[in-house]
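Beneath this line is the structure, given in structure tokens, with notes to follow.
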Amino acid sequence: MLTITPAAAKALTKARSEKGAPQGFGVRFFAAEEPGSERARLAFKFVESAKPEDSILNGLGIDACVAPEVETLIGDVTIDAEPRNGRSGLVVRRAPQQD
């Protein structure tokens, strides 16, 4: 399952404004194939609404949804924000392995 920290939600809200997306838009996380590779990476874009098959994440301060392939490809991760070059950058943290 994908989770988003409050710091990441704040960074995403700021990024939405900087990208010029309307305030009512939310963020959609999806798997994007890397050109020339069989690997995929976690990506996001600002969207007007979730797709019917998406999972909805609530209580974040920004509407967020996750495409169904994300959990299959990346498992349990947390999206967080940390300072990077004077700005807040998003980072993906894997959940600790359970024995």
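To be explicit about the labels: the chains of the structure tokens are called A, B, and onward in the order shown, and within each one the residues are counted from 1, while ligands get numbers from 1 in the order they are shown.
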Can you list, as a ChimeraX atom specification, every protein, DNA or RNA residue that comes within 9 Å of region 50-60 of chain A when you count only C-alpha atoms, leaving out same-chain residues fewer than 5 positions away? /A:2-6,9-10,26-28,65-68
Long-range neighbours of Ala95 (chain A) as a PyMOL selection string, 10 Å cut-off, only C-alpha atoms, 3 positions minimum in chain: chain A and resi 1-2+75-78+92+98
Produce a file of the selected residues containing N, CA and C atoms, as a CSV table (one decimal), in the first residue's frame.
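File written: selection-v3.csv
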```
chain,number,residue,atom,x,y,z
A,1,MET,N,0.8,-1.2,0.0
A,1,MET,CA,0.0,0.0,0.0
A,1,MET,C,0.9,1.2,0.0
A,2,LEU,N,0.5,2.2,-0.7
A,2,LEU,CA,1.2,3.5,-0.8
A,2,LEU,C,0.6,4.5,0.2
A,75,GLY,N,4.9,-2.6,-4.1
A,75,GLY,CA,4.5,-3.0,-2.7
A,75,GLY,C,4.3,-1.9,-1.8
A,76,ASP,N,4.6,-2.1,-0.5
A,76,ASP,CA,4.4,-1.1,0.5
A,76,ASP,C,5.5,0.0,0.5
A,77,VAL,N,5.1,1.2,0.2
A,77,VAL,CA,6.0,2.3,0.3
A,77,VAL,C,5.3,3.6,0.9
A,78,THR,N,6.2,4.5,1.3
A,78,THR,CA,5.7,5.8,1.8
A,78,THR,C,6.4,6.9,1.0
A,92,VAL,N,10.9,8.2,-1.9
A,92,VAL,CA,10.1,6.9,-1.7
A,92,VAL,C,10.8,6.1,-0.7
A,98,GLN,N,8.8,-7.5,7.0
A,98,GLN,CA,8.2,-8.2,8.1
A,98,GLN,C,8.7,-9.7,8.1
```
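Between Val47 (chain A) and the residues A:Leu90, A:Ala7, A:Ala21, A:Ala32, the shortest atom-to-atom distance, using only C-alpha atoms, involves A:Ala21.
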Looking at only C-alpha atoms, which of A:Lys14, A:Arg39, A:Phe44, A:Gly61 is the one that sits closest to Ile79 (chain A)?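 Looking only at the distances to Ile79 (chain A), the closest residue turns out to be A:Phe44.
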List every residue of region 2-91 of chain A that DSSP, applied to the backbone of this structure, places in strand (DSSP E), and write the result as a PyMOL selection string. chain A and resi 2-4+26-33+40-47+55-57+64-66+77-84+87-91
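Of note, CA of Leu73 (chain A) and CA of Gly36 (chain A) are spaced 17.8 Å apart.
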Give me the residues within 9 Å of Arg16 (chain A) as a count of residues only, counting only C-alpha atoms and dropping any in the same chain fewer than 4 places off. 11
Using backbone DSSP assignments, extract all helix (DSSP H, G or I) residues from region 2-89 of chain A; output them as a list in words. Pro6, Ala7, Ala8, Ala9, Lys10, Ala11, Leu12, Thr13, Lys14, Ala15, Arg16, Ser17, Glu18, Lys19, Pro68, Glu69, Val70, Glu71, Thr72, Leu73 and Ile74 of chain A
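Between Leu42 (chain A) and the residues A:Arg87, A:Glu71, A:Asp63, A:Ala81, the shortest atom-to-atom distance, using only C-alpha atoms, involves A:Glu71.
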State, in Å with one decimal place, the distance from CA of Arg41 (chain A) to CA of Phe29 (chain A). 10.3 Å
Choose the residue, out of A:Glu69, A:Glu34, A:Ala43, A:Glu18, that has the smallest atom-to-atom separation from Val91 (chain A); count only C-alpha atoms. A:Ala43
Using only C-alpha atoms, pick whichever of A:Asn85, A:Phe30, A:Ser37, A:Ala8 has the shortest atom-to-atom distance to Val70 (chain A).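 The closest residue to Val70 (chain A) is A:Phe30.
With distances restricted to only C-alpha atoms, A:Glu48 is the closest residue to Ala64 (chain A) from A:Asp80, A:Glu48, A:Pro35, A:Arg94.
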